[in-house]
Amino acid sequence: MNIRLLDTDEKHDALNLVKEVFFQENNLGYTPEGARSFLKLLDEAGLKMMWLGAYEKALEGVIGWDPDTMHILWLFVREENRRKRIGTFLVQELSKIAFTEGYDRLTLSGRCEVREFYDFLGFLPEGEEYIRDGVRLQRMELMLADRFLGTQATVCIEHTIGELHGVFADEQYLCNTGYIEELAAHSGLFQDAYVIGQTEPAESFTGTVIGIVYRREGGSAWIVADGTDYDHAWIIDQIAFQEQYYETRIVWYEQRA
């Protein structure tokens, strides 16, 4: 299986594959008006989007997304080539691209009848199901940093305990904070991080990634500690000086063990 980015000419092949599958599956249940809207969006935006294609003897599956938001718009595999994990491989490859480019999640609005597939890949629901153009949909997110839970990381500390916050007035840093050294060195990504268990100002700290804080508005912060035996409520209090201003979701290492 060869998975690669498609050039401009190959994007036409991707659009044709989407249309072929769409028609074969009775317009995916969309109303006539909804089907027209689907095809109009594909024709108007398809060539502007980014695409990955999965090739065996020919183009067998595609995934198309908005490069500015990493929102997946289309994921289609030819019916005769399903159950070969082609869709899984496409999402995994896109996940690597997104993380390398500094995105912490993929998003999509998927049909509820295929939600089991997205659940299997680790997508989480965001909000309630809704109906659009006769089709039940669920907005979902795939959090990309979860695979680092339980790994070792070094935090380059930029703000130390007791320092006044430069953005939120009258707030003090209750823990040392900075960015993940390994990601900055290898990918140029300055990933925010909190240090838990260190009680004095320092320049760096190496520990275990025990939590990932995902902000609904975008962005994330890693929680790095000198062990895993910490009360989650206490950690939340330690980082509240900053995270209280965001709507967040925290994924803990123990939940993934």
# chains A, B, ... in the order shown; residues from 1 in each chain; ligands from 1
$ closest_atom_pairs --of "segment 14-80 of chain A" --to "segment 113-121 of chain A" --cutoff "12 Å" --atoms "only C-alpha atoms" --output "tab-separated table"
residue	atom	partner	partner_atom	distance
A:Leu28	CA	A:Glu113	CA	9.9
A:Gly29	CA	A:Glu113	CA	10.3
A:Leu75	CA	A:Tyr118	CA	11.1
A:Phe76	CA	A:Val114	CA	11.8
$ residues_around --residues "segment 242-247 of chain A" --least-positions-apart "4" --cutoff "8 Å" --atoms "only C-alpha atoms" --output "list in words"
Phe168, Arg215, Arg216 and Glu217 of chain A
$ write_last_selection --atoms "N, CA and C atoms" --output "PDB file, in the first residue's frame"
ATOM      1  N   PHE A 168      -2.683  37.265  32.050  1.00  0.00           N
ATOM      2  CA  PHE A 168      -3.802  37.299  32.976  1.00  0.00           C
ATOM      3  C   PHE A 168      -3.416  38.090  34.227  1.00  0.00           C
ATOM      4  N   ARG A 215      -7.516  22.407  24.730  1.00  0.00           N
ATOM      5  CA  ARG A 215      -8.412  23.562  24.813  1.00  0.00           C
ATOM      6  C   ARG A 215      -9.363  23.550  23.626  1.00  0.00           C
ATOM      7  N   ARG A 216     -10.630  23.775  23.926  1.00  0.00           N
ATOM      8  CA  ARG A 216     -11.642  23.697  22.871  1.00  0.00           C
ATOM      9  C   ARG A 216     -11.359  24.701  21.762  1.00  0.00           C
ATOM     10  N   GLU A 217     -10.838  25.864  22.113  1.00  0.00           N
ATOM     11  CA  GLU A 217     -10.567  26.898  21.120  1.00  0.00           C
ATOM     12  C   GLU A 217      -9.355  26.563  20.256  1.00  0.00           C
TER      13      GLU A 217
END
$ closest_atom_pairs --of "segment 88-189 of chain A" --to "segment 33-47 of chain A" --cutoff "8 Å" --atoms "only C-alpha atoms" --output "Markdown table"
| residue | atom | partner | partner_atom | distance |
| --- | --- | --- | --- | --- |
| A:Arg132 | CA | A:Gly34 | CA | 7.8 |
| A:Asp133 | CA | A:Gly34 | CA | 4.7 |
| A:Gly134 | CA | A:Gly34 | CA | 7.4 |
$ write_last_selection --atoms "N, CA, C and O atoms" --output "PDB file, in the first residue's frame"
ATOM      1  N   ARG A 132     -28.440  16.943   9.230  1.00  0.00           N
ATOM      2  CA  ARG A 132     -28.270  17.934   8.169  1.00  0.00           C
ATOM      3  C   ARG A 132     -28.556  17.261   6.835  1.00  0.00           C
ATOM      4  O   ARG A 132     -27.978  16.226   6.517  1.00  0.00           O
ATOM      5  N   ASP A 133     -29.459  17.835   6.096  1.00  0.00           N
ATOM      6  CA  ASP A 133     -29.829  17.314   4.776  1.00  0.00           C
ATOM      7  C   ASP A 133     -30.255  15.854   4.832  1.00  0.00           C
ATOM      8  O   ASP A 133     -29.961  15.061   3.935  1.00  0.00           O
ATOM      9  N   GLY A 134     -30.953  15.481   5.927  1.00  0.00           N
ATOM     10  CA  GLY A 134     -31.483  14.138   6.052  1.00  0.00           C
ATOM     11  C   GLY A 134     -30.515  13.113   6.611  1.00  0.00           C
ATOM     12  O   GLY A 134     -30.870  11.935   6.740  1.00  0.00           O
TER      13      GLY A 134
END
$ residues_around --residues "Met1 of chain A" --least-positions-apart "6" --cutoff "8 Å" --atoms "only C-alpha atoms" --output "ChimeraX atom specification"
/A:54-56
$ residues_around --residues "Leu90 of chain A" --least-positions-apart "3" --cutoff "10 Å" --atoms "only C-alpha atoms" --output "list in words"
Ile3, Arg4, Trp51, Leu52, Gly53, Ala54, Gly61, Val62, Ile63, Gly64, Leu75, Phe76, Val77, Arg85, Ile86, Gly87, Glu93, Leu94 and Ser95 of chain A
$ write_last_selection --atoms "N, CA, C and O atoms" --output "mmCIF file, in the first residue's frame"
data_model
loop_
_atom_site.group_PDB
_atom_site.id
_atom_site.type_symbol
_atom_site.label_atom_id
_atom_site.label_comp_id
_atom_site.auth_asym_id
_atom_site.auth_seq_id
_atom_site.Cartn_x
_atom_site.Cartn_y
_atom_site.Cartn_z
ATOM 1 N N ILE A 3 0.811 5.283 0.261
ATOM 2 C CA ILE A 3 -0.004 6.436 0.631
ATOM 3 C C ILE A 3 0.834 7.684 0.457
ATOM 4 O O ILE A 3 1.939 7.785 1.012
ATOM 5 N N ARG A 4 0.323 8.627 -0.304
ATOM 6 C CA ARG A 4 1.090 9.844 -0.567
ATOM 7 C C ARG A 4 0.171 11.026 -0.855
ATOM 8 O O ARG A 4 -1.020 10.852 -1.161
ATOM 9 N N TRP A 51 -5.074 16.478 -0.232
ATOM 10 C CA TRP A 51 -5.543 15.101 -0.353
ATOM 11 C C TRP A 51 -4.391 14.122 -0.170
ATOM 12 O O TRP A 51 -3.274 14.356 -0.634
ATOM 13 N N LEU A 52 -4.685 13.018 0.505
ATOM 14 C CA LEU A 52 -3.827 11.840 0.509
ATOM 15 C C LEU A 52 -4.535 10.758 -0.274
ATOM 16 O O LEU A 52 -5.762 10.595 -0.168
ATOM 17 N N GLY A 53 -3.764 10.000 -1.045
ATOM 18 C CA GLY A 53 -4.334 8.888 -1.781
ATOM 19 C C GLY A 53 -3.661 7.584 -1.404
ATOM 20 O O GLY A 53 -2.461 7.556 -1.110
ATOM 21 N N ALA A 54 -4.445 6.510 -1.362
ATOM 22 C CA ALA A 54 -3.922 5.175 -1.086
ATOM 23 C C ALA A 54 -3.946 4.383 -2.387
ATOM 24 O O ALA A 54 -5.000 4.202 -2.998
ATOM 25 N N GLY A 61 -8.383 4.643 -2.242
ATOM 26 C CA GLY A 61 -9.005 5.410 -1.166
ATOM 27 C C GLY A 61 -8.388 6.778 -1.058
ATOM 28 O O GLY A 61 -7.232 6.974 -1.448
ATOM 29 N N VAL A 62 -9.153 7.746 -0.530
ATOM 30 C CA VAL A 62 -8.658 9.116 -0.422
ATOM 31 C C VAL A 62 -9.170 9.752 0.872
ATOM 32 O O VAL A 62 -10.204 9.363 1.414
ATOM 33 N N ILE A 63 -8.414 10.721 1.334
ATOM 34 C CA ILE A 63 -8.862 11.570 2.432
ATOM 35 C C ILE A 63 -8.520 13.006 2.068
ATOM 36 O O ILE A 63 -7.406 13.301 1.635
ATOM 37 N N GLY A 64 -9.516 13.883 2.185
ATOM 38 C CA GLY A 64 -9.327 15.286 1.844
ATOM 39 C C GLY A 64 -9.634 16.165 3.040
ATOM 40 O O GLY A 64 -10.594 15.914 3.766
ATOM 41 N N LEU A 75 -13.573 11.249 3.356
ATOM 42 C CA LEU A 75 -12.800 10.024 3.549
ATOM 43 C C LEU A 75 -13.573 8.903 2.861
ATOM 44 O O LEU A 75 -14.630 8.477 3.342
ATOM 45 N N PHE A 76 -13.060 8.446 1.727
ATOM 46 C CA PHE A 76 -13.773 7.474 0.909
ATOM 47 C C PHE A 76 -12.831 6.369 0.434
ATOM 48 O O PHE A 76 -11.693 6.644 0.033
ATOM 49 N N VAL A 77 -13.332 5.153 0.494
ATOM 50 C CA VAL A 77 -12.601 3.972 0.014
ATOM 51 C C VAL A 77 -13.534 3.191 -0.896
ATOM 52 O O VAL A 77 -14.727 3.039 -0.592
ATOM 53 N N ARG A 85 -8.182 -1.954 5.908
ATOM 54 C CA ARG A 85 -7.603 -0.920 6.781
ATOM 55 C C ARG A 85 -7.104 0.293 5.992
ATOM 56 O O ARG A 85 -6.308 1.078 6.499
ATOM 57 N N ILE A 86 -7.585 0.472 4.772
ATOM 58 C CA ILE A 86 -7.143 1.615 3.970
ATOM 59 C C ILE A 86 -7.539 2.923 4.644
ATOM 60 O O ILE A 86 -6.735 3.858 4.749
ATOM 61 N N GLY A 87 -8.784 3.017 5.126
ATOM 62 C CA GLY A 87 -9.220 4.225 5.820
ATOM 63 C C GLY A 87 -8.387 4.493 7.053
ATOM 64 O O GLY A 87 -8.027 5.644 7.341
ATOM 65 N N GLU A 93 -1.751 8.442 8.577
ATOM 66 C CA GLU A 93 -0.783 9.261 7.856
ATOM 67 C C GLU A 93 -1.109 10.744 7.998
ATOM 68 O O GLU A 93 -0.214 11.573 8.197
ATOM 69 N N LEU A 94 -2.384 11.090 7.934
ATOM 70 C CA LEU A 94 -2.781 12.481 8.119
ATOM 71 C C LEU A 94 -2.456 12.949 9.543
ATOM 72 O O LEU A 94 -2.065 14.099 9.750
ATOM 73 N N SER A 95 -2.605 12.069 10.519
ATOM 74 C CA SER A 95 -2.283 12.419 11.906
ATOM 75 C C SER A 95 -0.815 12.822 12.032
ATOM 76 O O SER A 95 -0.476 13.786 12.738
#
$ residues_around --residues "segment 202-209 of chain A" --least-positions-apart "3" --cutoff "12 Å" --atoms "only C-alpha atoms" --output "JSON list (two decimals) with N, CA and C atoms, in the first residue's frame"
[["chain", "number", "residue", "atom", "x", "y", "z"],
["A", 145, "ALA", "N", -1.91, 14.13, 20.57],
["A", 145, "ALA", "CA", -0.78, 14.01, 21.49],
["A", 145, "ALA", "C", -0.93, 12.86, 22.47],
["A", 146, "ASP", "N", -2.08, 12.18, 22.46],
["A", 146, "ASP", "CA", -2.33, 11.13, 23.46],
["A", 146, "ASP", "C", -1.26, 10.04, 23.44],
["A", 147, "ARG", "N", -0.66, 9.79, 22.27],
["A", 147, "ARG", "CA", 0.32, 8.71, 22.18],
["A", 147, "ARG", "C", 1.58, 9.00, 22.99],
["A", 148, "PHE", "N", 1.75, 10.24, 23.45],
["A", 148, "PHE", "CA", 2.92, 10.57, 24.24],
["A", 148, "PHE", "C", 2.69, 10.36, 25.74],
["A", 149, "LEU", "N", 1.47, 10.04, 26.13],
["A", 149, "LEU", "CA", 1.20, 9.79, 27.54],
["A", 149, "LEU", "C", 2.04, 8.62, 28.04],
["A", 150, "GLY", "N", 2.68, 8.82, 29.18],
["A", 150, "GLY", "CA", 3.53, 7.79, 29.75],
["A", 150, "GLY", "C", 4.96, 7.82, 29.27],
["A", 151, "THR", "N", 5.28, 8.69, 28.33],
["A", 151, "THR", "CA", 6.65, 8.79, 27.83],
["A", 151, "THR", "C", 7.43, 9.84, 28.63],
["A", 152, "GLN", "N", 8.73, 9.82, 28.46],
["A", 152, "GLN", "CA", 9.59, 10.80, 29.14],
["A", 152, "GLN", "C", 9.74, 12.04, 28.26],
["A", 153, "ALA", "N", 9.75, 13.19, 28.90],
["A", 153, "ALA", "CA", 9.91, 14.45, 28.18],
["A", 153, "ALA", "C", 10.65, 15.46, 29.05],
["A", 154, "THR", "N", 11.37, 16.35, 28.41],
["A", 154, "THR", "CA", 12.08, 17.41, 29.11],
["A", 154, "THR", "C", 11.41, 18.74, 28.84],
["A", 155, "VAL", "N", 11.13, 19.48, 29.89],
["A", 155, "VAL", "CA", 10.51, 20.80, 29.77],
["A", 155, "VAL", "C", 11.58, 21.87, 29.92],
["A", 156, "CYS", "N", 11.70, 22.72, 28.91],
["A", 156, "CYS", "CA", 12.53, 23.92, 29.02],
["A", 156, "CYS", "C", 11.67, 24.99, 29.69],
["A", 157, "ILE", "N", 12.02, 25.38, 30.89],
["A", 157, "ILE", "CA", 11.17, 26.25, 31.70],
["A", 157, "ILE", "C", 11.37, 27.71, 31.31],
["A", 158, "GLU", "N", 10.27, 28.37, 30.99],
["A", 158, "GLU", "CA", 10.27, 29.78, 30.62],
["A", 158, "GLU", "C", 9.70, 30.67, 31.73],
["A", 159, "HIS", "N", 8.74, 30.13, 32.51],
["A", 159, "HIS", "CA", 8.11, 30.89, 33.59],
["A", 159, "HIS", "C", 8.16, 30.05, 34.86],
["A", 160, "THR", "N", 8.62, 30.64, 35.93],
["A", 160, "THR", "CA", 8.85, 29.89, 37.15],
["A", 160, "THR", "C", 7.79, 30.16, 38.21],
["A", 161, "ILE", "N", 7.75, 29.28, 39.19],
["A", 161, "ILE", "CA", 6.80, 29.39, 40.30],
["A", 161, "ILE", "C", 6.88, 30.78, 40.94],
["A", 162, "GLY", "N", 5.71, 31.39, 41.12],
["A", 162, "GLY", "CA", 5.64, 32.70, 41.76],
["A", 162, "GLY", "C", 5.73, 33.88, 40.82],
["A", 175, "CYS", "N", 3.09, 26.76, 39.14],
["A", 175, "CYS", "CA", 4.06, 25.71, 38.83],
["A", 175, "CYS", "C", 4.96, 26.21, 37.71],
["A", 176, "ASN", "N", 6.11, 25.60, 37.58],
["A", 176, "ASN", "CA", 7.00, 25.96, 36.48],
["A", 176, "ASN", "C", 6.36, 25.55, 35.16],
["A", 177, "THR", "N", 6.49, 26.40, 34.15],
["A", 177, "THR", "CA", 5.90, 26.11, 32.84],
["A", 177, "THR", "C", 6.90, 26.43, 31.74],
["A", 178, "GLY", "N", 6.72, 25.79, 30.61],
["A", 178, "GLY", "CA", 7.61, 26.03, 29.48],
["A", 178, "GLY", "C", 7.18, 25.28, 28.26],
["A", 179, "TYR", "N", 8.14, 24.68, 27.55],
["A", 179, "TYR", "CA", 7.83, 23.93, 26.34],
["A", 179, "TYR", "C", 8.65, 22.65, 26.31],
["A", 180, "ILE", "N", 8.20, 21.69, 25.48],
["A", 180, "ILE", "CA", 8.84, 20.38, 25.40],
["A", 180, "ILE", "C", 10.09, 20.47, 24.53],
["A", 181, "GLU", "N", 11.22, 20.18, 25.15],
["A", 181, "GLU", "CA", 12.51, 20.33, 24.47],
["A", 181, "GLU", "C", 12.63, 19.43, 23.25],
["A", 182, "GLU", "N", 12.21, 18.18, 23.37],
["A", 182, "GLU", "CA", 12.39, 17.22, 22.27],
["A", 182, "GLU", "C", 11.63, 17.65, 21.02],
["A", 193, "ALA", "N", 3.87, 23.28, 28.23],
["A", 193, "ALA", "CA", 3.95, 22.20, 29.22],
["A", 193, "ALA", "C", 3.95, 22.77, 30.63],
["A", 194, "TYR", "N", 3.32, 22.03, 31.55],
["A", 194, "TYR", "CA", 3.35, 22.32, 32.98],
["A", 194, "TYR", "C", 4.23, 21.28, 33.67],
["A", 195, "VAL", "N", 4.96, 21.72, 34.70],
["A", 195, "VAL", "CA", 5.77, 20.82, 35.51],
["A", 195, "VAL", "C", 5.08, 20.63, 36.85],
["A", 196, "ILE", "N", 4.82, 19.38, 37.21],
["A", 196, "ILE", "CA", 4.17, 19.05, 38.47],
["A", 196, "ILE", "C", 5.16, 18.29, 39.36],
["A", 197, "GLY", "N", 5.24, 18.70, 40.63],
["A", 197, "GLY", "CA", 6.13, 18.02, 41.57],
["A", 197, "GLY", "C", 7.42, 18.75, 41.81],
["A", 198, "GLN", "N", 7.70, 19.77, 41.03],
["A", 198, "GLN", "CA", 8.89, 20.60, 41.23],
["A", 198, "GLN", "C", 8.46, 21.83, 42.02],
["A", 199, "THR", "N", 9.10, 22.07, 43.16],
["A", 199, "THR", "CA", 8.63, 23.12, 44.07],
["A", 199, "THR", "C", 9.48, 24.38, 44.06],
["A", 212, "ILE", "N", -2.64, 15.40, 29.17],
["A", 212, "ILE", "CA", -2.68, 16.36, 28.06],
["A", 212, "ILE", "C", -3.93, 17.22, 28.23],
["A", 213, "VAL", "N", -3.74, 18.52, 28.28],
["A", 213, "VAL", "CA", -4.85, 19.46, 28.38],
["A", 213, "VAL", "C", -5.16, 19.97, 26.97],
["A", 221, "ALA", "N", -1.68, 21.74, 26.26],
["A", 221, "ALA", "CA", -0.55, 21.79, 27.18],
["A", 221, "ALA", "C", -0.33, 20.41, 27.76],
["A", 222, "TRP", "N", 0.94, 20.01, 27.87],
["A", 222, "TRP", "CA", 1.28, 18.72, 28.45],
["A", 222, "TRP", "C", 1.56, 18.89, 29.94],
["A", 223, "ILE", "N", 1.19, 17.90, 30.71],
["A", 223, "ILE", "CA", 1.47, 17.88, 32.14],
["A", 223, "ILE", "C", 2.60, 16.88, 32.37],
["A", 224, "VAL", "N", 3.74, 17.37, 32.84],
["A", 224, "VAL", "CA", 4.92, 16.53, 33.04],
["A", 224, "VAL", "C", 5.24, 16.49, 34.53],
["A", 225, "ALA", "N", 5.44, 15.28, 35.07],
["A", 225, "ALA", "CA", 5.63, 15.13, 36.51],
["A", 225, "ALA", "C", 6.77, 14.16, 36.80],
["A", 226, "ASP", "N", 7.19, 14.13, 38.08],
["A", 226, "ASP", "CA", 8.28, 13.23, 38.48],
["A", 226, "ASP", "C", 7.75, 11.86, 38.90],
["A", 227, "GLY", "N", 6.51, 11.58, 38.58],
["A", 227, "GLY", "CA", 5.88, 10.29, 38.87],
["A", 227, "GLY", "C", 4.45, 10.34, 38.38],
["A", 228, "THR", "N", 3.70, 9.29, 38.65],
["A", 228, "THR", "CA", 2.31, 9.25, 38.19],
["A", 228, "THR", "C", 1.30, 9.24, 39.32],
["A", 229, "ASP", "N", 1.77, 9.23, 40.56],
["A", 229, "ASP", "CA", 0.88, 9.12, 41.72],
["A", 229, "ASP", "C", 0.47, 10.51, 42.22],
["A", 230, "TYR", "N", -0.36, 11.17, 41.45],
["A", 230, "TYR", "CA", -0.83, 12.51, 41.80],
["A", 230, "TYR", "C", -2.35, 12.55, 41.74],
["A", 251, "VAL", "N", -6.91, 14.54, 29.19],
["A", 251, "VAL", "CA", -6.74, 13.10, 29.05],
["A", 251, "VAL", "C", -5.57, 12.69, 29.95],
["A", 252, "TRP", "N", -5.83, 11.75, 30.87],
["A", 252, "TRP", "CA", -4.83, 11.35, 31.86],
["A", 252, "TRP", "C", -4.14, 10.05, 31.44],
["A", 253, "TYR", "N", -2.91, 9.91, 31.84],
["A", 253, "TYR", "CA", -2.13, 8.72, 31.52],
["A", 253, "TYR", "C", -2.79, 7.46, 32.07],
["A", 254, "GLU", "N", -3.33, 7.49, 33.26],
["A", 254, "GLU", "CA", -3.95, 6.31, 33.85],
["A", 254, "GLU", "C", -5.13, 5.82, 33.01],
["A", 256, "ARG", "N", -5.28, 5.74, 29.90],
["A", 256, "ARG", "CA", -4.81, 5.12, 28.66],
["A", 256, "ARG", "C", -3.99, 3.87, 28.94]]
$ select_by_dssp --residues "segment 27-249 of chain A" --states "helix (DSSP H, G or I)" --output "ChimeraX atom specification"
/A:27-29,32-48,79-81,86-100,112-121,146-148,181-187,232-243
$ select_by_dssp --residues "segment 142-176 of chain A" --states "strand (DSSP E or B)" --output "JSON, numbers by chain"
{"A": [142, 143, 152, 153, 154, 155, 156, 157, 158, 159, 164, 172]}
$ residues_around --residues "Leu164 of chain A" --least-positions-apart "6" --cutoff "10 Å" --atoms "only C-alpha atoms" --output "ChimeraX atom specification"
/A:170-174
$ closest_residue --among "A:Ile250, A:Asp192, A:Pro67, A:Asn27" --to "Glu101 of chain A" --atoms "only C-alpha atoms"
A:Pro67
$ closest_residue --among "A:Phe123, A:Trp234, A:Tyr130, A:Tyr30" --to "Leu108 of chain A" --atoms "only C-alpha atoms"
A:Phe123
$ atom_distance --atom1 "atom CA of Thr88 of chain A" --atom2 "atom CA of Leu142 of chain A"
12.6 Å
$ closest_residue --among "A:Ser220, A:Pro32, A:Asp231, A:Tyr214" --to "Arg249 of chain A" --atoms "only C-alpha atoms"
A:Tyr214
$ closest_residue --among "A:Ala185, A:Met50, A:Ile236, A:Leu59" --to "Val18 of chain A" --atoms "only C-alpha atoms"
A:Leu59
$ closest_residue --among "A:Ile97, A:Arg105, A:Ala58, A:Thr31" --to "Arg136 of chain A" --atoms "only C-alpha atoms"
A:Thr31
$ closest_residue --among "A:Lys11, A:Gly127, A:Val21, A:Asn81" --to "Lys48 of chain A" --atoms "only C-alpha atoms"
A:Lys11
$ atom_distance --atom1 "atom CA of Asp237 of chain A" --atom2 "atom CA of Ala169 of chain A"
17.8 Å
$ decode --residues "segment 164-173 of chain A" --atoms "all heavy atoms" --output "tab-separated table (two decimals), in the first residue's frame"
chain	number	residue	atom	x	y	z
A	164	LEU	N	4.72	36.55	38.04
A	164	LEU	CA	3.45	37.13	37.62
A	164	LEU	C	3.17	36.79	36.16
A	164	LEU	O	4.07	36.81	35.32
A	164	LEU	CB	3.46	38.65	37.80
A	164	LEU	CG	3.34	39.17	39.24
A	164	LEU	CD1	3.52	40.68	39.27
A	164	LEU	CD2	2.00	38.78	39.85
A	165	HIS	N	1.91	36.47	35.89
A	165	HIS	CA	1.52	36.11	34.54
A	165	HIS	C	1.50	37.35	33.65
A	165	HIS	O	1.02	38.41	34.05
A	165	HIS	CB	0.13	35.45	34.55
A	165	HIS	CG	-0.12	34.59	33.37
A	165	HIS	ND1	-0.32	35.08	32.10
A	165	HIS	CD2	-0.18	33.22	33.25
A	165	HIS	CE1	-0.51	34.08	31.26
A	165	HIS	NE2	-0.43	32.94	31.93
A	166	GLY	N	2.03	37.21	32.45
A	166	GLY	CA	2.12	38.35	31.55
A	166	GLY	C	0.84	38.68	30.81
A	166	GLY	O	0.72	39.75	30.21
A	167	VAL	N	-0.15	37.76	30.83
A	167	VAL	CA	-1.40	37.97	30.11
A	167	VAL	C	-2.57	38.15	31.05
A	167	VAL	O	-3.37	39.08	30.90
A	167	VAL	CB	-1.67	36.79	29.14
A	167	VAL	CG1	-3.03	36.96	28.46
A	167	VAL	CG2	-0.56	36.68	28.11
A	168	PHE	N	-2.68	37.26	32.05
A	168	PHE	CA	-3.80	37.30	32.98
A	168	PHE	C	-3.42	38.09	34.23
A	168	PHE	O	-2.59	37.65	35.04
A	168	PHE	CB	-4.24	35.87	33.35
A	168	PHE	CG	-4.54	35.02	32.14
A	168	PHE	CD1	-3.81	33.88	31.88
A	168	PHE	CD2	-5.56	35.38	31.27
A	168	PHE	CE1	-4.08	33.10	30.77
A	168	PHE	CE2	-5.85	34.60	30.15
A	168	PHE	CZ	-5.10	33.47	29.90
A	169	ALA	N	-4.00	39.27	34.36
A	169	ALA	CA	-3.62	40.20	35.42
A	169	ALA	C	-3.81	39.58	36.80
A	169	ALA	O	-4.80	38.89	37.07
A	169	ALA	CB	-4.45	41.48	35.30
A	170	ASP	N	-2.84	39.84	37.68
A	170	ASP	CA	-2.87	39.42	39.09
A	170	ASP	C	-2.74	37.92	39.28
A	170	ASP	O	-2.86	37.43	40.41
A	170	ASP	CB	-4.15	39.91	39.79
A	170	ASP	CG	-4.28	41.43	39.77
A	170	ASP	OD1	-3.25	42.10	39.88
A	170	ASP	OD2	-5.41	41.92	39.62
A	171	GLU	N	-2.50	37.18	38.21
A	171	GLU	CA	-2.30	35.74	38.35
A	171	GLU	C	-0.81	35.43	38.46
A	171	GLU	O	0.03	36.05	37.79
A	171	GLU	CB	-2.88	34.99	37.14
A	171	GLU	CG	-4.38	35.06	37.02
A	171	GLU	CD	-5.10	34.23	38.07
A	171	GLU	OE1	-4.43	33.50	38.82
A	171	GLU	OE2	-6.35	34.32	38.13
A	172	GLN	N	-0.48	34.48	39.32
A	172	GLN	CA	0.88	34.00	39.46
A	172	GLN	C	1.00	32.57	38.95
A	172	GLN	O	0.04	31.80	39.02
A	172	GLN	CB	1.33	34.04	40.92
A	172	GLN	CG	1.61	35.43	41.47
A	172	GLN	CD	2.14	35.36	42.89
A	172	GLN	OE1	1.59	34.67	43.74
A	172	GLN	NE2	3.24	36.05	43.14
A	173	TYR	N	2.16	32.23	38.45
A	173	TYR	CA	2.42	30.86	38.06
A	173	TYR	C	2.52	30.00	39.31
A	173	TYR	O	3.37	30.26	40.18
A	173	TYR	CB	3.70	30.76	37.25
A	173	TYR	CG	3.58	31.29	35.84
A	173	TYR	CD1	3.76	32.66	35.57
A	173	TYR	CD2	3.25	30.45	34.78
A	173	TYR	CE1	3.63	33.16	34.28
A	173	TYR	CE2	3.11	30.94	33.49
A	173	TYR	CZ	3.31	32.29	33.25
A	173	TYR	OH	3.17	32.78	31.97
